[in-house]
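Student: Input structure: structure.cif, which contains mmCIF, C-alpha atoms.
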data_final
loop_
_atom_site.label_atom_id
_atom_site.label_comp_id
_atom_site.auth_asym_id
_atom_site.auth_seq_id
_atom_site.Cartn_x
_atom_site.Cartn_y
_atom_site.Cartn_z
CA MET A 20 -24.78 4.69 -2.19
CA PRO A 21 -22.65 1.54 -2.04
CA ILE A 22 -22.45 -0.58 -5.17
CA PRO A 23 -24.23 -3.90 -4.54
CA GLY A 24 -22.19 -7.00 -5.35
CA THR A 25 -19.09 -6.76 -7.50
CA PRO A 26 -18.85 -3.70 -9.74
CA SER A 27 -17.90 -3.86 -13.38
CA ARG A 28 -14.71 -2.05 -14.35
CA THR A 29 -16.74 0.95 -15.56
CA GLN A 30 -18.80 1.03 -12.36
CA LEU A 31 -15.66 0.84 -10.23
CA VAL A 32 -13.97 3.66 -12.12
CA ASP A 33 -17.07 5.82 -11.61
CA HIS A 34 -17.13 4.90 -7.91
CA LEU A 35 -13.44 5.75 -7.46
CA VAL A 36 -13.96 9.19 -8.94
CA ARG A 37 -17.20 9.86 -7.06
CA THR A 38 -15.68 8.97 -3.68
CA ARG A 39 -12.33 10.63 -4.49
CA ILE A 40 -10.39 7.43 -3.97
CA ALA A 41 -9.04 8.35 -7.40
CA GLY A 42 -9.65 11.16 -9.87
CA ASP A 43 -9.39 14.59 -8.20
CA VAL A 44 -8.08 13.49 -4.82
CA ALA A 45 -7.72 15.46 -1.60
CA THR A 46 -3.90 15.53 -1.58
CA PRO A 47 -2.69 18.89 -2.96
CA ARG A 48 0.03 19.15 -5.60
CA GLU A 49 2.43 21.02 -3.32
CA ASN A 50 2.31 18.15 -0.81
CA ASN A 51 3.02 15.62 -3.55
CA LEU A 52 6.03 17.54 -4.86
CA SER A 53 7.39 18.06 -1.35
CA HIS A 54 7.32 14.31 -0.71
CA TYR A 55 8.94 13.51 -4.07
CA ARG A 56 11.71 15.99 -3.24
CA ARG A 57 12.27 14.54 0.21
CA LEU A 58 12.58 11.03 -1.18
CA ALA A 59 15.06 12.28 -3.79
CA ASN A 60 17.02 14.10 -1.09
CA GLY A 61 17.49 10.88 0.85
CA ASP A 62 15.03 11.46 3.69
CA ARG A 63 14.54 7.91 4.95
CA ASN A 64 11.18 8.75 6.47
CA PHE A 65 10.01 8.76 2.85
CA TRP A 66 11.81 5.58 1.77
CA PHE A 67 9.27 3.31 3.51
CA GLY A 68 11.76 0.67 4.61
CA LEU A 69 13.42 0.48 1.20
CA GLU A 70 17.08 0.99 0.32
CA LEU A 71 17.03 3.33 -2.67
CA GLY A 72 20.68 4.41 -2.64
CA ASP A 73 21.26 7.31 -5.00
CA ARG A 74 19.17 5.84 -7.80
CA TRP A 75 16.34 8.34 -7.31
CA ALA A 76 18.28 11.48 -6.45
CA ASP A 77 16.56 13.51 -9.18
CA GLU A 78 13.06 14.49 -8.13
CA GLN A 79 12.05 14.82 -11.80
CA ASP A 80 12.68 11.09 -12.19
CA VAL A 81 10.39 10.47 -9.23
CA LEU A 82 7.72 12.70 -10.77
CA ALA A 83 7.99 10.81 -14.06
CA VAL A 84 7.35 7.49 -12.30
CA MET A 85 4.40 8.95 -10.42
CA ALA A 86 2.91 10.35 -13.62
CA GLU A 87 3.28 6.97 -15.33
CA ARG A 88 2.09 4.70 -12.53
CA VAL A 89 -0.30 6.95 -10.59
CA GLY A 90 -1.50 9.55 -13.05
CA VAL A 91 -0.38 12.73 -11.31
CA ASN A 92 0.22 15.77 -13.51
CA ASP A 93 3.53 15.26 -15.33
CA ASP A 94 4.33 18.99 -15.70
CA PRO A 95 7.16 19.93 -13.29
CA GLU A 96 6.03 23.56 -13.50
CA TYR A 97 2.60 22.69 -12.10
CA ARG A 98 3.31 23.30 -8.42
CA TYR A 99 0.07 24.31 -6.70
CA GLY A 100 -3.55 23.19 -6.77
CA GLN A 101 -5.37 19.93 -7.37
CA ASP A 102 -3.54 16.73 -8.24
CA THR A 103 -4.94 13.48 -9.55
CA ILE A 104 -4.85 9.69 -9.49
CA ASP A 105 -5.91 8.07 -12.75
CA PRO A 106 -8.71 5.61 -11.84
CA GLU A 107 -7.86 3.43 -14.84
CA LEU A 108 -4.36 2.97 -13.42
CA THR A 109 -5.92 2.07 -10.06
CA VAL A 110 -7.96 -0.69 -11.65
CA ASP A 111 -5.02 -1.90 -13.75
CA ALA A 112 -2.97 -2.24 -10.56
CA LEU A 113 -5.82 -4.04 -8.77
CA GLU A 114 -5.78 -6.59 -11.58
CA ARG A 115 -1.99 -7.06 -11.20
CA MET A 116 -2.47 -7.55 -7.47
CA ALA A 117 -5.31 -9.99 -8.15
CA ALA A 118 -3.01 -12.11 -10.30
CA ARG A 119 -0.55 -12.42 -7.41
CA LEU A 120 -3.36 -13.26 -4.98
CA ARG A 121 -4.59 -15.94 -7.38
CA LYS A 122 -1.10 -17.46 -7.41
CA ALA A 123 -1.08 -17.46 -3.60
CA ALA A 124 -4.44 -19.20 -3.48
CA GLU A 125 -3.48 -21.82 -6.05
CA GLY A 126 -0.29 -22.61 -4.12
CA ARG A 127 -1.92 -22.36 -0.69
CA GLN A 128 0.85 -20.01 0.28
CA ARG A 129 1.66 -18.34 3.59
CA VAL A 130 0.43 -14.74 3.45
CA LEU A 131 1.03 -11.89 5.90
CA PHE A 132 -1.24 -8.84 6.03
CA ALA A 133 -0.25 -5.51 7.56
CA THR A 134 -1.27 -1.86 7.45
CA GLY A 135 0.19 1.48 8.44
CA HIS A 136 -3.15 3.10 7.61
CA PRO A 137 -5.66 1.26 9.84
CA GLY A 138 -8.22 4.06 9.67
CA GLY A 139 -8.66 3.52 5.95
CA LEU A 140 -7.39 0.12 4.87
CA LEU A 141 -7.72 -2.27 7.81
CA ASP A 142 -10.94 -3.82 6.55
CA VAL A 143 -9.65 -4.12 2.99
CA HIS A 144 -6.82 -6.28 4.32
CA ARG A 145 -9.10 -8.19 6.71
CA ALA A 146 -11.51 -9.17 3.95
CA THR A 147 -8.68 -10.20 1.64
CA ALA A 148 -7.14 -12.33 4.39
CA ALA A 149 -10.48 -14.04 5.01
CA ALA A 150 -10.86 -14.84 1.32
CA LEU A 151 -7.37 -16.31 1.08
CA ARG A 152 -7.87 -18.39 4.22
CA ALA A 153 -11.09 -19.78 2.73
CA ALA A 154 -9.06 -20.70 -0.37
CA GLY A 155 -6.63 -22.71 1.76
CA CYS A 156 -3.86 -20.21 2.41
CA GLU A 157 -2.14 -19.93 5.77
CA ILE A 158 -2.54 -16.41 7.18
CA VAL A 159 0.65 -15.78 9.09
CA VAL A 160 0.27 -15.18 12.83
CA ILE A 161 2.96 -12.80 14.03
CA PRO A 162 5.10 -13.58 17.11
CA ASP A 163 4.10 -12.12 20.47
CA GLY A 164 6.01 -9.36 22.22
CA LEU A 165 7.19 -7.39 19.19
CA GLN A 166 7.78 -3.66 19.47
CA THR A 167 9.55 -0.73 17.85
CA ASP A 168 10.45 2.74 19.05
CA GLU A 169 6.96 3.86 18.00
CA GLY A 170 4.96 1.22 19.86
CA TYR A 171 3.89 -2.41 19.95
CA VAL A 172 3.39 -4.58 16.87
CA MET A 173 0.04 -6.31 17.26
CA GLN A 174 -2.38 -8.26 15.08
CA PHE A 175 -6.10 -7.57 14.79
CA ALA A 176 -8.48 -9.37 12.44
CA ASP A 177 -5.49 -11.12 10.81
CA VAL A 178 -3.78 -7.79 10.06
CA ALA A 179 -0.53 -6.64 11.69
CA VAL A 180 -0.67 -3.06 12.95
CA LEU A 181 1.26 -0.72 15.20
CA GLU A 182 -0.39 -0.03 18.57
CA HIS A 183 0.53 3.01 20.64
CA GLY A 184 -1.27 4.19 23.75
CA ALA A 185 -4.13 1.73 23.23
CA THR A 186 -4.66 3.19 19.75
CA LEU A 187 -3.94 1.73 16.32
CA TRP A 188 -1.21 3.92 14.90
CA HIS A 189 -0.66 5.46 11.48
CA THR A 190 2.96 4.86 10.45
CA HIS A 191 5.14 5.07 7.35
CA SER A 192 7.99 3.20 9.03
CA GLY A 193 9.41 -0.10 7.88
CA GLU A 194 10.47 -0.96 11.43
CA PRO A 195 7.25 -2.83 12.37
CA MET A 196 7.71 -5.18 9.42
CA ARG A 197 11.36 -5.58 10.30
CA ALA A 198 10.27 -6.63 13.80
CA VAL A 199 7.81 -9.19 12.39
CA LEU A 200 10.15 -10.78 9.86
CA HIS A 201 13.10 -10.91 12.24
CA GLY A 202 10.79 -12.28 14.94
CA LEU A 203 9.74 -15.08 12.63
CA GLU A 204 13.37 -15.83 11.82
CA ARG A 205 14.36 -15.91 15.48
CA ALA A 206 11.53 -18.33 16.19
CA GLY A 207 12.67 -20.62 13.39
CA ARG A 208 9.45 -20.05 11.49
CA PRO A 209 9.29 -19.63 7.71
CA LEU A 210 8.89 -16.18 6.23
CA PRO A 211 5.68 -15.42 4.33
CA ASP A 212 5.45 -16.32 0.67
CA LEU A 213 3.58 -13.06 0.16
CA VAL A 214 3.01 -9.82 2.06
CA VAL A 215 -0.09 -7.73 1.34
CA ALA A 216 0.35 -4.36 2.98
CA ASP A 217 0.99 -0.64 2.53
CA HIS A 218 3.48 2.02 3.64
CA GLY A 219 6.73 0.79 5.19
CA TRP A 220 5.21 -2.60 5.96
CA ALA A 221 5.14 -3.35 2.22
CA GLY A 222 8.41 -1.59 1.48
CA TYR A 223 10.51 -3.38 4.08
CA ALA A 224 9.05 -6.77 3.13
CA GLY A 225 9.99 -6.27 -0.50
CA GLN A 226 13.45 -5.04 0.47
CA HIS A 227 13.87 -8.17 2.62
CA GLY A 228 13.22 -10.35 -0.42
CA VAL A 229 9.61 -11.31 0.29
CA ASP A 230 7.07 -10.97 -2.53
CA SER A 231 5.08 -7.87 -1.64
CA VAL A 232 2.02 -6.11 -3.02
CA GLY A 233 0.25 -3.11 -1.59
CA TYR A 234 -1.51 0.22 -1.74
CA ALA A 235 -0.07 3.73 -1.82
CA ASP A 236 -1.26 7.32 -2.12
CA CYS A 237 -0.06 9.86 -4.66
CA ASN A 238 2.13 11.56 -2.05
CA ASP A 239 3.88 8.27 -1.15
CA PRO A 240 6.27 7.65 -4.04
CA ALA A 241 8.57 5.04 -2.48
CA LEU A 242 6.45 1.99 -3.22
CA PHE A 243 5.95 3.05 -6.83
CA VAL A 244 9.66 3.47 -7.49
CA ALA A 245 10.13 0.06 -5.84
CA GLU A 246 7.54 -1.42 -8.18
CA CYS A 247 9.38 0.23 -11.07
CA GLU A 248 12.58 -1.52 -9.95
CA GLY A 249 10.83 -4.87 -9.40
CA THR A 250 11.20 -4.87 -5.62
CA LEU A 251 7.40 -4.93 -5.22
CA GLN A 252 5.12 -6.93 -7.49
CA ALA A 253 2.11 -4.59 -7.60
CA VAL A 254 1.24 -1.24 -6.04
CA VAL A 255 -2.30 0.13 -6.27
CA PRO A 256 -2.56 3.94 -6.43
CA LEU A 257 -5.42 5.33 -4.36
CA ASP A 258 -6.24 7.85 -1.67
CA ASP A 259 -5.63 5.72 1.39
CA HIS A 260 -7.90 7.57 3.82
CA VAL A 261 -11.16 8.89 2.40
CA VAL A 262 -14.13 10.00 4.49
CA SER A 263 -15.57 6.49 4.97
CA PRO A 264 -13.75 3.15 4.99
CA ARG A 265 -16.91 1.65 3.46
CA HIS A 266 -16.01 3.45 0.23
CA TYR A 267 -13.30 0.82 -0.24
CA ASP A 268 -15.76 -2.09 -0.21
CA PRO A 269 -16.31 -2.08 -4.00
CA VAL A 270 -12.51 -1.96 -4.46
CA THR A 271 -12.16 -5.08 -2.31
CA ALA A 272 -15.02 -6.84 -4.10
CA TYR A 273 -13.48 -6.14 -7.51
CA LEU A 274 -10.05 -7.33 -6.32
CA LEU A 275 -11.33 -10.59 -4.86
CA THR A 276 -13.48 -11.38 -7.88
CA ALA A 277 -10.57 -10.70 -10.24
CA ALA A 278 -8.45 -13.04 -8.12
CA GLY A 279 -11.08 -15.81 -8.28
CA LEU A 280 -11.70 -15.54 -4.55
CA GLU A 281 -15.38 -14.52 -4.64
#
Just dump the structure as structure tokens.
Tutor:
Amino acid sequence: MPIPGTPSRTQLVDHLVRTRIAGDVATPRENNLSHYRRLANGDRNFWFGLELGDRWADEQDVLAVMAERVGVNDDPEYRYGQDTIDPELTVDALERMAARLRKAAEGRQRVLFATGHPGGLLDVHRATAAALRAAGCEIVVIPDGLQTDEGYVMQFADVAVLEHGATLWHTHSGEPMRAVLHGLERAGRPLPDLVVADHGWAGYAGQHGVDSVGYADCNDPALFVAECEGTLQAVVPLDDHVVSPRHYDPVTAYLLTAAGLE
């Protein structure tokens, strides 16, 4: 059953484990290691709009970051079976994100929301945008007519998304965020003070020099290595597509309360 109101830290940790947003998550270990290897091997599909150079060419270094910041098993010989996200690390990262949201609210900053995982996280972003608008922030409206090779860059419920074939599209690419930021520049409009996003939307924004916070799964290491380098300000580890998007409601409530937005 949903948690009424805002959960305590203990209640949220229990909820994360029960719904498999954290704890024993659905992503298998072999998938995690494959993605860490592909990032280390320079596969840009796994760089999420970032420029990592050769700084992460050793997959063991990537695994070490993921063990520290996400809570996956740190044993390189553990190659098959269940992997994990530490729910305490999830809540710690939510509190870091909340601190940046509080700063945005206090400064009435311009904030852009975007998601490459609309099936799971669209409403998390929508609710956060609504709370920041109520606090006096400007929620950035993206320019019209933007597109990438994958589809059209649209905005629904204050959240930028990729649309393809009349469907909201799952994407890891940083190209949609590139289209938005360059579109703003071409129009002579200021860039956001803050981007709240996930996948390549968050990665490209941080690489472009915009403060960026976001969410990432345990098989998506790029944003965590970017956080490690200081390119992103906060990255929350969680399973980004569990069986019901309503399972994220307590996560959003905890975040907004911690940010002073509830």
Student: Mind giving me the straight-line distance from atom CA of A:Ile161 to atom CA of A:Val261 in Å, one decimal?
Tutor: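 Computed distance, atom CA of A:Ile161 to atom CA of A:Val261, equals 28.4 Å.
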Student: Could you expand the PyMOL selection byres ((chain A and resi 266-280) around 8) into the explicit residues it covers here, written as a ChimeraX atom specification?
Tutor: /A:21-22,24-27,31,38,113-114,116-121,140,143,146-147,150-151,154,261,263-265,281
Student: Once you count all atoms listed in the file, which residues end up no further than 9 Å from (-6.6, 22.9, -3.5) in the file's frame, shown as number ranges by chain?
Tutor: A: 45-48, 99-102
Student: From the set A:Val254, A:Leu131, A:Cys237, A:Asp217, which residue has the shortest atom-to-atom contact distance to A:Ala86, counting all atoms listed in the file?
Tutor: A:Cys237
Student: Of the candidates A:Val215, A:Asp93, A:Met196, A:Gln226, which one gets nearest to A:Glu248 if we count only C-alpha atoms?
Tutor: A:Gln226
Student: One number please: atom CA of A:Arg63 to atom CA of A:Gly193, in Å, one decimal.
Tutor: 10.0 Å
Student: To one decimal in Å, tell me the separation between atom CA of A:Val32 and atom CA of A:Leu108.
Tutor: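 Atom CA of A:Leu108 lies at a distance of 9.7 Å from atom CA of A:Val32.
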Student: Tell me which of A:Arg129, A:Pro195, A:Ser231, A:Ile104 sits closest to A:Leu35, counting all atoms listed in the file.
Tutor: A:Ile104
Student: Kindly resolve the PyMOL selection byres ((chain A and resi 173) around 10) on the present coordinates and return the residues as a PDB file with C-alpha atoms, in the coordinates of the input.
Tutor:
ATOM      1  CA  ALA A 133      -0.250  -5.510   7.560  1.00  0.00           C
ATOM      2  CA  VAL A 160       0.270 -15.180  12.830  1.00  0.00           C
ATOM      3  CA  ILE A 161       2.960 -12.800  14.030  1.00  0.00           C
ATOM      4  CA  PRO A 162       5.100 -13.580  17.110  1.00  0.00           C
ATOM      5  CA  ASP A 163       4.100 -12.120  20.470  1.00  0.00           C
ATOM      6  CA  GLY A 164       6.010  -9.360  22.220  1.00  0.00           C
ATOM      7  CA  LEU A 165       7.190  -7.390  19.190  1.00  0.00           C
ATOM      8  CA  GLN A 166       7.780  -3.660  19.470  1.00  0.00           C
ATOM      9  CA  GLY A 170       4.960   1.220  19.860  1.00  0.00           C
ATOM     10  CA  TYR A 171       3.890  -2.410  19.950  1.00  0.00           C
ATOM     11  CA  VAL A 172       3.390  -4.580  16.870  1.00  0.00           C
ATOM     12  CA  GLN A 174      -2.380  -8.260  15.080  1.00  0.00           C
ATOM     13  CA  PHE A 175      -6.100  -7.570  14.790  1.00  0.00           C
ATOM     14  CA  ASP A 177      -5.490 -11.120  10.810  1.00  0.00           C
ATOM     15  CA  VAL A 178      -3.780  -7.790  10.060  1.00  0.00           C
ATOM     16  CA  ALA A 179      -0.530  -6.640  11.690  1.00  0.00           C
ATOM     17  CA  VAL A 180      -0.670  -3.060  12.950  1.00  0.00           C
ATOM     18  CA  LEU A 181       1.260  -0.720  15.200  1.00  0.00           C
ATOM     19  CA  GLU A 182      -0.390  -0.030  18.570  1.00  0.00           C
ATOM     20  CA  HIS A 183       0.530   3.010  20.640  1.00  0.00           C
ATOM     21  CA  LEU A 187      -3.940   1.730  16.320  1.00  0.00           C
ATOM     22  CA  PRO A 195       7.250  -2.830  12.370  1.00  0.00           C
ATOM     23  CA  VAL A 199       7.810  -9.190  12.390  1.00  0.00           C
TER      24      VAL A 199
END
